[in-house]
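Listing of entry25.cif; format and content: mmCIF, N, CA and C atoms and all ligand atoms.
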```cif
data_final
loop_
_atom_site.label_atom_id
_atom_site.label_comp_id
_atom_site.auth_asym_id
_atom_site.auth_seq_id
_atom_site.Cartn_x
_atom_site.Cartn_y
_atom_site.Cartn_z
N MET A 1 89.13 52.18 225.00
CA MET A 1 89.43 51.27 223.90
C MET A 1 90.50 50.27 224.28
N LEU A 2 91.52 50.70 225.01
CA LEU A 2 92.62 49.80 225.31
C LEU A 2 92.39 49.02 226.60
N ASP A 3 91.29 49.25 227.27
CA ASP A 3 91.05 48.60 228.55
C ASP A 3 90.94 47.09 228.44
N GLY A 4 90.43 46.58 227.34
CA GLY A 4 90.24 45.15 227.19
C GLY A 4 91.45 44.39 226.69
N LEU A 5 92.55 45.07 226.52
CA LEU A 5 93.73 44.40 225.98
C LEU A 5 94.36 43.48 227.02
N PRO A 6 94.76 42.28 226.61
CA PRO A 6 95.47 41.41 227.54
C PRO A 6 96.86 41.97 227.83
N ALA A 7 97.39 41.64 228.99
CA ALA A 7 98.73 42.11 229.36
C ALA A 7 99.74 41.65 228.31
N GLY A 8 100.64 42.52 227.95
CA GLY A 8 101.66 42.18 226.98
C GLY A 8 101.24 42.33 225.54
N HIS A 9 100.02 42.80 225.31
CA HIS A 9 99.56 43.00 223.94
C HIS A 9 100.47 44.04 223.28
N PRO A 10 100.90 43.80 222.05
CA PRO A 10 101.87 44.70 221.42
C PRO A 10 101.29 46.04 220.96
N LEU A 11 99.99 46.24 221.04
CA LEU A 11 99.40 47.47 220.52
C LEU A 11 99.95 48.71 221.22
N ILE A 12 100.05 48.68 222.54
CA ILE A 12 100.45 49.88 223.28
C ILE A 12 101.89 50.29 222.94
N PRO A 13 102.88 49.39 223.06
CA PRO A 13 104.24 49.85 222.73
C PRO A 13 104.42 50.21 221.25
N THR A 14 103.74 49.52 220.35
CA THR A 14 103.89 49.87 218.93
C THR A 14 103.20 51.20 218.61
N LEU A 15 102.08 51.44 219.26
CA LEU A 15 101.40 52.73 219.08
C LEU A 15 102.25 53.86 219.65
N GLU A 16 102.84 53.61 220.78
CA GLU A 16 103.71 54.62 221.39
C GLU A 16 104.87 54.97 220.46
N MET A 17 105.46 53.94 219.89
CA MET A 17 106.58 54.16 218.98
C MET A 17 106.13 54.87 217.70
N ALA A 18 105.03 54.44 217.13
CA ALA A 18 104.57 55.01 215.85
C ALA A 18 104.22 56.49 215.99
N VAL A 19 103.52 56.84 217.05
CA VAL A 19 103.12 58.25 217.23
C VAL A 19 104.35 59.09 217.56
N THR A 20 105.23 58.57 218.40
CA THR A 20 106.45 59.30 218.73
C THR A 20 107.26 59.58 217.47
N LEU A 21 107.42 58.61 216.61
CA LEU A 21 108.18 58.81 215.38
C LEU A 21 107.50 59.83 214.47
N ARG A 22 106.18 59.78 214.39
CA ARG A 22 105.46 60.77 213.57
C ARG A 22 105.68 62.18 214.13
N LEU A 23 105.61 62.32 215.44
CA LEU A 23 105.80 63.64 216.04
C LEU A 23 107.23 64.14 215.83
N LEU A 24 108.18 63.23 215.94
CA LEU A 24 109.57 63.64 215.72
C LEU A 24 109.80 64.06 214.27
N MET A 25 109.20 63.35 213.33
CA MET A 25 109.36 63.72 211.91
C MET A 25 108.71 65.07 211.63
N LEU A 26 107.64 65.37 212.31
CA LEU A 26 106.95 66.64 212.10
C LEU A 26 107.73 67.83 212.67
N GLN A 27 108.66 67.56 213.56
CA GLN A 27 109.49 68.64 214.07
C GLN A 27 110.24 69.32 212.92
N ASP A 28 110.69 68.52 211.98
CA ASP A 28 111.43 69.06 210.84
C ASP A 28 110.53 69.48 209.69
N HIS A 29 109.29 69.06 209.72
CA HIS A 29 108.35 69.38 208.63
C HIS A 29 107.00 69.80 209.20
N PRO A 30 106.97 70.94 209.88
CA PRO A 30 105.70 71.36 210.51
C PRO A 30 104.57 71.59 209.49
N GLU A 31 104.93 71.82 208.24
CA GLU A 31 103.89 72.03 207.22
C GLU A 31 103.10 70.75 206.95
N ARG A 32 103.62 69.61 207.36
CA ARG A 32 102.93 68.34 207.14
C ARG A 32 102.01 67.96 208.30
N ARG A 33 101.95 68.81 209.30
CA ARG A 33 101.13 68.51 210.47
C ARG A 33 99.70 68.21 210.06
N PRO A 34 99.15 67.06 210.48
CA PRO A 34 97.74 66.76 210.16
C PRO A 34 96.83 67.63 211.01
N LYS A 35 95.90 68.31 210.35
CA LYS A 35 94.96 69.19 211.05
C LYS A 35 93.55 68.63 210.92
N ALA A 36 92.80 68.77 211.98
CA ALA A 36 91.44 68.20 212.05
C ALA A 36 90.56 68.71 210.93
N GLU A 37 90.75 69.96 210.54
CA GLU A 37 89.85 70.56 209.54
C GLU A 37 90.26 70.27 208.09
N ASP A 38 91.39 69.62 207.89
CA ASP A 38 91.80 69.25 206.53
C ASP A 38 90.75 68.36 205.89
N MET A 39 90.52 68.55 204.61
CA MET A 39 89.61 67.67 203.87
C MET A 39 90.46 66.58 203.21
N ILE A 40 90.15 65.32 203.52
CA ILE A 40 90.91 64.21 202.95
C ILE A 40 89.95 63.23 202.28
N LEU A 41 90.51 62.38 201.45
CA LEU A 41 89.71 61.37 200.77
C LEU A 41 89.08 60.44 201.81
N CYS A 42 87.84 60.11 201.62
CA CYS A 42 87.12 59.23 202.55
C CYS A 42 87.89 57.91 202.69
N LEU A 43 88.18 57.53 203.93
CA LEU A 43 88.94 56.31 204.18
C LEU A 43 88.09 55.07 203.96
N GLU A 44 86.79 55.22 204.05
CA GLU A 44 85.91 54.06 203.92
C GLU A 44 85.76 53.64 202.47
N CYS A 45 85.50 54.58 201.58
CA CYS A 45 85.26 54.24 200.17
C CYS A 45 86.44 54.61 199.27
N GLN A 46 87.46 55.21 199.85
CA GLN A 46 88.65 55.63 199.09
C GLN A 46 88.27 56.54 197.92
N GLY A 47 87.26 57.37 198.13
CA GLY A 47 86.86 58.31 197.09
C GLY A 47 86.05 57.69 195.98
N GLN A 48 85.47 56.50 196.22
CA GLN A 48 84.67 55.84 195.18
C GLN A 48 83.18 56.20 195.27
N GLY A 49 82.76 56.66 196.47
CA GLY A 49 81.33 56.96 196.62
C GLY A 49 80.50 55.71 196.58
N LYS A 50 79.58 55.63 195.65
CA LYS A 50 78.73 54.44 195.45
C LYS A 50 77.92 54.10 196.70
N GLY A 51 77.26 55.10 197.25
CA GLY A 51 76.41 54.85 198.40
C GLY A 51 77.15 54.79 199.72
N CYS A 52 78.29 55.42 199.81
CA CYS A 52 79.09 55.40 201.04
C CYS A 52 78.35 56.16 202.15
N ALA A 53 78.10 55.47 203.25
CA ALA A 53 77.41 56.09 204.38
C ALA A 53 78.32 57.04 205.14
N THR A 54 79.62 56.85 205.06
CA THR A 54 80.54 57.69 205.81
C THR A 54 80.62 59.09 205.23
N CYS A 55 80.81 59.18 203.92
CA CYS A 55 80.99 60.50 203.30
C CYS A 55 79.73 60.96 202.56
N GLY A 56 78.71 60.11 202.50
CA GLY A 56 77.50 60.50 201.76
C GLY A 56 77.79 60.79 200.31
N ASP A 57 78.74 60.07 199.75
CA ASP A 57 79.18 60.22 198.36
C ASP A 57 79.79 61.58 198.06
N HIS A 58 80.22 62.30 199.09
CA HIS A 58 80.94 63.55 198.86
C HIS A 58 82.41 63.29 198.56
N LEU A 59 82.87 62.07 198.84
CA LEU A 59 84.22 61.57 198.57
C LEU A 59 85.29 62.15 199.49
N TYR A 60 85.10 63.36 199.95
CA TYR A 60 86.05 63.96 200.88
C TYR A 60 85.34 64.27 202.19
N VAL A 61 86.06 64.08 203.28
CA VAL A 61 85.52 64.39 204.61
C VAL A 61 86.62 65.08 205.41
N ARG A 62 86.19 65.74 206.48
CA ARG A 62 87.19 66.34 207.36
C ARG A 62 88.07 65.23 207.95
N ARG A 63 89.34 65.53 208.12
CA ARG A 63 90.28 64.55 208.63
C ARG A 63 89.81 63.96 209.97
N SER A 64 89.35 64.82 210.86
CA SER A 64 88.91 64.33 212.17
C SER A 64 87.75 63.34 212.03
N GLU A 65 86.83 63.62 211.12
CA GLU A 65 85.71 62.71 210.92
C GLU A 65 86.17 61.41 210.26
N ALA A 66 87.07 61.53 209.30
CA ALA A 66 87.55 60.34 208.61
C ALA A 66 88.21 59.37 209.59
N TYR A 67 89.06 59.91 210.45
CA TYR A 67 89.76 59.05 211.42
C TYR A 67 88.79 58.46 212.44
N SER A 68 87.92 59.30 212.98
CA SER A 68 87.03 58.80 214.04
C SER A 68 86.03 57.78 213.49
N PHE A 69 85.48 58.02 212.30
CA PHE A 69 84.56 57.05 211.73
C PHE A 69 85.27 55.73 211.42
N TYR A 70 86.49 55.84 210.91
CA TYR A 70 87.20 54.62 210.54
C TYR A 70 87.52 53.76 211.76
N ILE A 71 88.01 54.41 212.82
CA ILE A 71 88.34 53.66 214.03
C ILE A 71 87.08 53.10 214.69
N ALA A 72 86.00 53.88 214.67
CA ALA A 72 84.74 53.38 215.24
C ALA A 72 84.26 52.14 214.50
N ALA A 73 84.45 52.12 213.20
CA ALA A 73 83.96 51.00 212.39
C ALA A 73 84.93 49.83 212.34
N HIS A 74 86.23 50.11 212.43
CA HIS A 74 87.22 49.05 212.20
C HIS A 74 88.23 48.88 213.32
N GLY A 75 88.09 49.60 214.41
CA GLY A 75 89.07 49.52 215.50
C GLY A 75 89.16 48.14 216.13
N ASP A 76 88.11 47.34 215.99
CA ASP A 76 88.14 46.01 216.60
C ASP A 76 89.22 45.11 216.02
N VAL A 77 89.63 45.35 214.78
CA VAL A 77 90.67 44.50 214.18
C VAL A 77 92.01 44.70 214.88
N LEU A 78 92.17 45.84 215.57
CA LEU A 78 93.41 46.06 216.31
C LEU A 78 93.51 45.12 217.50
N MET A 79 92.39 44.73 218.03
CA MET A 79 92.39 43.84 219.20
C MET A 79 92.20 42.38 218.82
N TYR A 80 91.41 42.13 217.79
CA TYR A 80 91.03 40.76 217.50
C TYR A 80 91.51 40.25 216.14
N GLY A 81 92.14 41.10 215.37
CA GLY A 81 92.63 40.67 214.07
C GLY A 81 91.55 40.78 213.01
N GLY A 82 91.96 40.59 211.75
CA GLY A 82 91.01 40.69 210.64
C GLY A 82 91.68 40.14 209.40
N LYS A 83 91.20 40.56 208.26
CA LYS A 83 91.80 40.14 207.00
C LYS A 83 93.16 40.80 206.85
N PRO A 84 94.03 40.21 206.03
CA PRO A 84 95.37 40.81 205.86
C PRO A 84 95.27 42.28 205.45
N GLY A 85 96.02 43.11 206.15
CA GLY A 85 96.06 44.53 205.84
C GLY A 85 95.08 45.38 206.62
N GLN A 86 94.01 44.78 207.14
CA GLN A 86 93.00 45.57 207.86
C GLN A 86 93.57 46.16 209.14
N ALA A 87 94.29 45.35 209.90
CA ALA A 87 94.84 45.84 211.17
C ALA A 87 95.89 46.92 210.91
N ALA A 88 96.68 46.75 209.86
CA ALA A 88 97.71 47.74 209.54
C ALA A 88 97.07 49.08 209.20
N LYS A 89 96.01 49.05 208.42
CA LYS A 89 95.35 50.30 208.05
C LYS A 89 94.73 50.96 209.28
N ALA A 90 94.04 50.17 210.10
CA ALA A 90 93.43 50.73 211.30
C ALA A 90 94.49 51.28 212.24
N PHE A 91 95.60 50.56 212.35
CA PHE A 91 96.69 51.02 213.21
C PHE A 91 97.22 52.37 212.72
N ASN A 92 97.45 52.48 211.45
CA ASN A 92 97.99 53.74 210.90
C ASN A 92 97.00 54.89 211.04
N VAL A 93 95.73 54.61 210.87
CA VAL A 93 94.71 55.65 211.06
C VAL A 93 94.70 56.10 212.51
N LEU A 94 94.77 55.14 213.43
CA LEU A 94 94.77 55.49 214.86
C LEU A 94 96.03 56.29 215.21
N ALA A 95 97.18 55.84 214.73
CA ALA A 95 98.44 56.55 215.02
C ALA A 95 98.41 57.96 214.44
N GLU A 96 97.89 58.10 213.24
CA GLU A 96 97.81 59.43 212.62
C GLU A 96 96.81 60.31 213.36
N GLY A 97 95.72 59.73 213.81
CA GLY A 97 94.74 60.49 214.59
C GLY A 97 95.31 60.97 215.91
N LEU A 98 96.06 60.12 216.58
CA LEU A 98 96.69 60.52 217.85
C LEU A 98 97.73 61.61 217.59
N THR A 99 98.45 61.49 216.50
CA THR A 99 99.43 62.51 216.13
C THR A 99 98.73 63.85 215.91
N MET A 100 97.63 63.82 215.18
CA MET A 100 96.87 65.04 214.94
C MET A 100 96.40 65.65 216.26
N MET A 101 95.87 64.83 217.14
CA MET A 101 95.30 65.33 218.39
C MET A 101 96.36 65.81 219.37
N ALA A 102 97.60 65.35 219.22
CA ALA A 102 98.67 65.77 220.13
C ALA A 102 98.95 67.26 220.02
N TYR A 103 98.57 67.87 218.92
CA TYR A 103 98.83 69.30 218.71
C TYR A 103 97.75 70.20 219.33
N TYR A 104 96.66 69.61 219.77
CA TYR A 104 95.59 70.42 220.33
C TYR A 104 95.81 70.59 221.84
N PRO A 105 95.31 71.68 222.43
CA PRO A 105 95.56 71.94 223.85
C PRO A 105 95.22 70.74 224.74
N GLY A 106 96.15 70.37 225.58
CA GLY A 106 95.95 69.24 226.48
C GLY A 106 96.37 67.91 225.88
N GLY A 107 96.63 67.89 224.59
CA GLY A 107 97.08 66.66 223.94
C GLY A 107 96.00 65.60 223.94
N VAL A 108 96.43 64.34 223.91
CA VAL A 108 95.50 63.23 223.84
C VAL A 108 96.01 62.10 224.72
N THR A 109 95.08 61.45 225.41
CA THR A 109 95.42 60.31 226.25
C THR A 109 94.61 59.12 225.77
N LEU A 110 95.28 58.00 225.60
CA LEU A 110 94.62 56.75 225.22
C LEU A 110 95.22 55.66 226.10
N GLY A 111 94.44 55.17 227.04
CA GLY A 111 94.96 54.18 227.98
C GLY A 111 96.16 54.76 228.71
N PRO A 112 97.28 54.05 228.70
CA PRO A 112 98.46 54.55 229.42
C PRO A 112 99.28 55.56 228.61
N LEU A 113 98.85 55.86 227.40
CA LEU A 113 99.63 56.74 226.53
C LEU A 113 99.10 58.16 226.57
N HIS A 114 100.02 59.09 226.57
CA HIS A 114 99.65 60.51 226.48
C HIS A 114 100.61 61.18 225.52
N PHE A 115 100.07 61.89 224.55
CA PHE A 115 100.89 62.61 223.58
C PHE A 115 100.44 64.06 223.58
N GLU A 116 101.41 64.94 223.60
CA GLU A 116 101.09 66.37 223.64
C GLU A 116 102.24 67.17 223.06
N VAL A 117 101.91 68.10 222.24
CA VAL A 117 102.90 69.01 221.66
C VAL A 117 102.61 70.40 222.20
N LYS A 118 103.61 70.98 222.83
CA LYS A 118 103.46 72.35 223.32
C LYS A 118 104.51 73.22 222.65
N PRO A 119 104.10 74.30 222.02
CA PRO A 119 105.04 75.14 221.27
C PRO A 119 106.17 75.68 222.13
N GLU A 120 105.92 75.94 223.41
CA GLU A 120 106.95 76.53 224.24
C GLU A 120 108.00 75.53 224.69
N TRP A 121 107.73 74.24 224.53
CA TRP A 121 108.73 73.26 224.92
C TRP A 121 109.79 73.16 223.84
N THR A 122 111.01 73.03 224.25
CA THR A 122 112.11 73.12 223.30
C THR A 122 112.84 71.80 223.07
N ARG A 123 112.41 70.74 223.68
CA ARG A 123 113.09 69.48 223.45
C ARG A 123 112.09 68.33 223.58
N VAL A 124 112.50 67.19 223.10
CA VAL A 124 111.65 66.01 223.17
C VAL A 124 111.80 65.36 224.54
N VAL A 125 110.70 65.10 225.16
CA VAL A 125 110.71 64.39 226.42
C VAL A 125 109.89 63.12 226.22
N HIS A 126 110.45 62.01 226.56
CA HIS A 126 109.74 60.76 226.38
C HIS A 126 109.94 59.93 227.63
N LYS A 127 108.87 59.75 228.37
CA LYS A 127 108.94 58.95 229.59
C LYS A 127 108.27 57.62 229.33
N THR A 128 108.87 56.56 229.76
CA THR A 128 108.29 55.25 229.52
C THR A 128 107.50 54.72 230.70
N GLU A 129 107.60 55.37 231.85
CA GLU A 129 106.81 54.93 232.99
C GLU A 129 105.34 55.27 232.73
N PRO A 130 104.44 54.37 233.03
CA PRO A 130 103.03 54.68 232.79
C PRO A 130 102.56 55.82 233.67
N PRO A 131 101.74 56.72 233.21
CA PRO A 131 101.39 56.84 231.80
C PRO A 131 102.54 57.47 231.01
N SER A 132 102.81 56.91 229.88
CA SER A 132 103.90 57.41 229.08
C SER A 132 103.54 58.79 228.55
N LYS A 133 104.52 59.55 228.25
CA LYS A 133 104.27 60.91 227.80
C LYS A 133 105.29 61.27 226.74
N VAL A 134 104.81 61.78 225.67
CA VAL A 134 105.70 62.26 224.62
C VAL A 134 105.40 63.72 224.42
N ILE A 135 106.40 64.52 224.58
CA ILE A 135 106.23 65.96 224.44
C ILE A 135 107.20 66.40 223.35
N VAL A 136 106.68 67.08 222.37
CA VAL A 136 107.52 67.47 221.24
C VAL A 136 107.33 68.95 220.96
N ASN A 137 108.41 69.62 220.74
CA ASN A 137 108.36 71.00 220.29
C ASN A 137 108.28 70.99 218.78
N PRO A 138 107.26 71.55 218.17
CA PRO A 138 107.12 71.48 216.73
C PRO A 138 108.09 72.37 215.95
N CYS A 139 108.82 73.23 216.60
CA CYS A 139 109.73 74.13 215.90
C CYS A 139 111.09 73.48 215.68
ZN ZN A 201 83.10 57.50 201.40
#
```
I need this file expressed as structure tokens, please.
Ligand SMILES: [Zn+2]
Amino acid sequence: MLDGLPAGHPLIPTLEMAVTLRLLMLQDHPERRPKAEDMILCLECQGQGKGCATCGDHLYVRRSEAYSFYIAAHGDVLMYGGKPGQAAKAFNVLAEGLTMMAYYPGGVTLGPLHFEVKPEWTRVVHKTEPPSKVIVNPC
């Protein structure tokens, strides 16, 4: 996804900062950790249904599906822009999705970014040399 970005595009450093901040906040509030199996309001229709192809009018979908469908459908606004607010929403969905995936074994890598939370690690490590790495102990 990030391969087509021009050099100096602000998406990578802002994404790095946003996910890092989310992971740091979750250190103090592990009960707020986003989990893939959580059922959340459909991001596409905002729980309105009305023929929504994403949730099939069920209004709620698994968090992992909500994030992946939303980025698949709207991720292009992160690179090329869109209507006011569209890029912000897509950015936040992507950052939240990366935060969620950082808790799973092996973490998540997106372009030069890698986020991973390991329970046995006891401090925050943040390297800025590519590939960047954020390691957070959730306790
Ligand atoms: Zn829906």
Legend entry - d(atom C of A:Met39, atom C of A:Glu65) in Å: 9.7 Å
Sorted per-residue table, chain A near ligand ZN 201 (chain A), closest atoms and distance, 9 Å, only C-alpha atoms and all ligand atoms, as JSON lines:
```
{"residue": "A:Leu41", "atom": "CA", "partner": "A:ZN201", "partner_atom": "ZN", "distance": 7.7}
{"residue": "A:Cys42", "atom": "CA", "partner": "A:ZN201", "partner_atom": "ZN", "distance": 4.5}
{"residue": "A:Leu43", "atom": "CA", "partner": "A:ZN201", "partner_atom": "ZN", "distance": 6.6}
{"residue": "A:Glu44", "atom": "CA", "partner": "A:ZN201", "partner_atom": "ZN", "distance": 5.1}
{"residue": "A:Cys45", "atom": "CA", "partner": "A:ZN201", "partner_atom": "ZN", "distance": 4.1}
{"residue": "A:Gln46", "atom": "CA", "partner": "A:ZN201", "partner_atom": "ZN", "distance": 6.3}
{"residue": "A:Gly47", "atom": "CA", "partner": "A:ZN201", "partner_atom": "ZN", "distance": 5.8}
{"residue": "A:Gln48", "atom": "CA", "partner": "A:ZN201", "partner_atom": "ZN", "distance": 6.6}
{"residue": "A:Gly49", "atom": "CA", "partner": "A:ZN201", "partner_atom": "ZN", "distance": 5.1}
{"residue": "A:Lys50", "atom": "CA", "partner": "A:ZN201", "partner_atom": "ZN", "distance": 8.0}
{"residue": "A:Gly51", "atom": "CA", "partner": "A:ZN201", "partner_atom": "ZN", "distance": 7.8}
{"residue": "A:Cys52", "atom": "CA", "partner": "A:ZN201", "partner_atom": "ZN", "distance": 4.5}
{"residue": "A:Ala53", "atom": "CA", "partner": "A:ZN201", "partner_atom": "ZN", "distance": 6.6}
{"residue": "A:Thr54", "atom": "CA", "partner": "A:ZN201", "partner_atom": "ZN", "distance": 5.1}
{"residue": "A:Cys55", "atom": "CA", "partner": "A:ZN201", "partner_atom": "ZN", "distance": 4.1}
{"residue": "A:Gly56", "atom": "CA", "partner": "A:ZN201", "partner_atom": "ZN", "distance": 6.4}
{"residue": "A:Asp57", "atom": "CA", "partner": "A:ZN201", "partner_atom": "ZN", "distance": 5.7}
{"residue": "A:His58", "atom": "CA", "partner": "A:ZN201", "partner_atom": "ZN", "distance": 6.9}
{"residue": "A:Leu59", "atom": "CA", "partner": "A:ZN201", "partner_atom": "ZN", "distance": 5.1}
{"residue": "A:Tyr60", "atom": "CA", "partner": "A:ZN201", "partner_atom": "ZN", "distance": 7.1}
{"residue": "A:Val61", "atom": "CA", "partner": "A:ZN201", "partner_atom": "ZN", "distance": 8.0}
{"residue": "A:Ala66", "atom": "CA", "partner": "A:ZN201", "partner_atom": "ZN", "distance": 8.9}
```
Inset, instruction - Would you list the residues near (94.6, 51.1, 223.4), meaning any protein, DNA or RNA residue with an atom at most 10 Å from that point in file coordinates, counting only C-alpha atoms, as number ranges by chain? - result: A: 1-5, 9-13, 15-16, 75, 78-79, 94, 109-113
Specify the axis-aligned box that encloses all atoms of stretch 62-72 of chain A listed in the file after padding of 6 Å on each side, stating its centre and edge lengths in Å to one decimal as JSON.
```
{"center_x": 87.3, "center_y": 59.2, "center_z": 210.9, "size_x": 18.0, "size_y": 26.2, "size_z": 20.8}
```
In stretch 76-127 of chain A, what's alpha helix (DSSP H) per DSSP? Answer as a PDB file with N, CA and C atoms, in the coordinates of the input?
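states_12.pdb was written with the following content:
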```
ATOM      1  N   ASP A  76      88.110  47.340 215.990  1.00  0.00           N
ATOM      2  CA  ASP A  76      88.140  46.010 216.600  1.00  0.00           C
ATOM      3  C   ASP A  76      89.220  45.110 216.020  1.00  0.00           C
ATOM      4  N   VAL A  77      89.630  45.350 214.780  1.00  0.00           N
ATOM      5  CA  VAL A  77      90.670  44.500 214.180  1.00  0.00           C
ATOM      6  C   VAL A  77      92.010  44.700 214.880  1.00  0.00           C
ATOM      7  N   LEU A  78      92.170  45.840 215.570  1.00  0.00           N
ATOM      8  CA  LEU A  78      93.410  46.060 216.310  1.00  0.00           C
ATOM      9  C   LEU A  78      93.510  45.120 217.500  1.00  0.00           C
ATOM     10  N   MET A  79      92.390  44.730 218.030  1.00  0.00           N
ATOM     11  CA  MET A  79      92.390  43.840 219.200  1.00  0.00           C
ATOM     12  C   MET A  79      92.200  42.380 218.820  1.00  0.00           C
ATOM     13  N   TYR A  80      91.410  42.130 217.790  1.00  0.00           N
ATOM     14  CA  TYR A  80      91.030  40.760 217.500  1.00  0.00           C
ATOM     15  C   TYR A  80      91.510  40.250 216.140  1.00  0.00           C
ATOM     16  N   GLN A  86      94.010  44.780 207.140  1.00  0.00           N
ATOM     17  CA  GLN A  86      93.000  45.570 207.860  1.00  0.00           C
ATOM     18  C   GLN A  86      93.570  46.160 209.140  1.00  0.00           C
ATOM     19  N   ALA A  87      94.290  45.350 209.900  1.00  0.00           N
ATOM     20  CA  ALA A  87      94.840  45.840 211.170  1.00  0.00           C
ATOM     21  C   ALA A  87      95.890  46.920 210.910  1.00  0.00           C
ATOM     22  N   ALA A  88      96.680  46.750 209.860  1.00  0.00           N
ATOM     23  CA  ALA A  88      97.710  47.740 209.540  1.00  0.00           C
ATOM     24  C   ALA A  88      97.070  49.080 209.200  1.00  0.00           C
ATOM     25  N   LYS A  89      96.010  49.050 208.420  1.00  0.00           N
ATOM     26  CA  LYS A  89      95.350  50.300 208.050  1.00  0.00           C
ATOM     27  C   LYS A  89      94.730  50.960 209.280  1.00  0.00           C
ATOM     28  N   ALA A  90      94.040  50.170 210.100  1.00  0.00           N
ATOM     29  CA  ALA A  90      93.430  50.730 211.300  1.00  0.00           C
ATOM     30  C   ALA A  90      94.490  51.280 212.240  1.00  0.00           C
ATOM     31  N   PHE A  91      95.600  50.560 212.350  1.00  0.00           N
ATOM     32  CA  PHE A  91      96.690  51.020 213.210  1.00  0.00           C
ATOM     33  C   PHE A  91      97.220  52.370 212.720  1.00  0.00           C
ATOM     34  N   ASN A  92      97.450  52.480 211.450  1.00  0.00           N
ATOM     35  CA  ASN A  92      97.990  53.740 210.900  1.00  0.00           C
ATOM     36  C   ASN A  92      97.000  54.890 211.040  1.00  0.00           C
ATOM     37  N   VAL A  93      95.730  54.610 210.870  1.00  0.00           N
ATOM     38  CA  VAL A  93      94.710  55.650 211.060  1.00  0.00           C
ATOM     39  C   VAL A  93      94.700  56.100 212.510  1.00  0.00           C
ATOM     40  N   LEU A  94      94.770  55.140 213.430  1.00  0.00           N
ATOM     41  CA  LEU A  94      94.770  55.490 214.860  1.00  0.00           C
ATOM     42  C   LEU A  94      96.030  56.290 215.210  1.00  0.00           C
ATOM     43  N   ALA A  95      97.180  55.840 214.730  1.00  0.00           N
ATOM     44  CA  ALA A  95      98.440  56.550 215.020  1.00  0.00           C
ATOM     45  C   ALA A  95      98.410  57.960 214.440  1.00  0.00           C
ATOM     46  N   GLU A  96      97.890  58.100 213.240  1.00  0.00           N
ATOM     47  CA  GLU A  96      97.810  59.430 212.620  1.00  0.00           C
ATOM     48  C   GLU A  96      96.810  60.310 213.360  1.00  0.00           C
ATOM     49  N   GLY A  97      95.720  59.730 213.810  1.00  0.00           N
ATOM     50  CA  GLY A  97      94.740  60.490 214.590  1.00  0.00           C
ATOM     51  C   GLY A  97      95.310  60.970 215.910  1.00  0.00           C
ATOM     52  N   LEU A  98      96.060  60.120 216.580  1.00  0.00           N
ATOM     53  CA  LEU A  98      96.690  60.520 217.850  1.00  0.00           C
ATOM     54  C   LEU A  98      97.730  61.610 217.590  1.00  0.00           C
ATOM     55  N   THR A  99      98.450  61.490 216.500  1.00  0.00           N
ATOM     56  CA  THR A  99      99.430  62.510 216.130  1.00  0.00           C
ATOM     57  C   THR A  99      98.730  63.850 215.910  1.00  0.00           C
ATOM     58  N   MET A 100      97.630  63.820 215.180  1.00  0.00           N
ATOM     59  CA  MET A 100      96.870  65.040 214.940  1.00  0.00           C
ATOM     60  C   MET A 100      96.400  65.650 216.260  1.00  0.00           C
ATOM     61  N   MET A 101      95.870  64.830 217.140  1.00  0.00           N
ATOM     62  CA  MET A 101      95.300  65.330 218.390  1.00  0.00           C
ATOM     63  C   MET A 101      96.360  65.810 219.370  1.00  0.00           C
ATOM     64  N   ALA A 102      97.600  65.350 219.220  1.00  0.00           N
ATOM     65  CA  ALA A 102      98.670  65.770 220.130  1.00  0.00           C
ATOM     66  C   ALA A 102      98.950  67.260 220.020  1.00  0.00           C
TER      67      ALA A 102
END
```
Legend entry - Distance in Å - atom CA of A:Val77 versus atom CA of A:Thr99: 20.1 Å
Inset, instruction - Mind giving me the straight-line distance from atom CA of A:Pro105 to atom CA of A:Lys89 in Å, one decimal? - result: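 Calculated distance between atom CA of A:Pro105 and atom CA of A:Lys89 is 26.8 Å.
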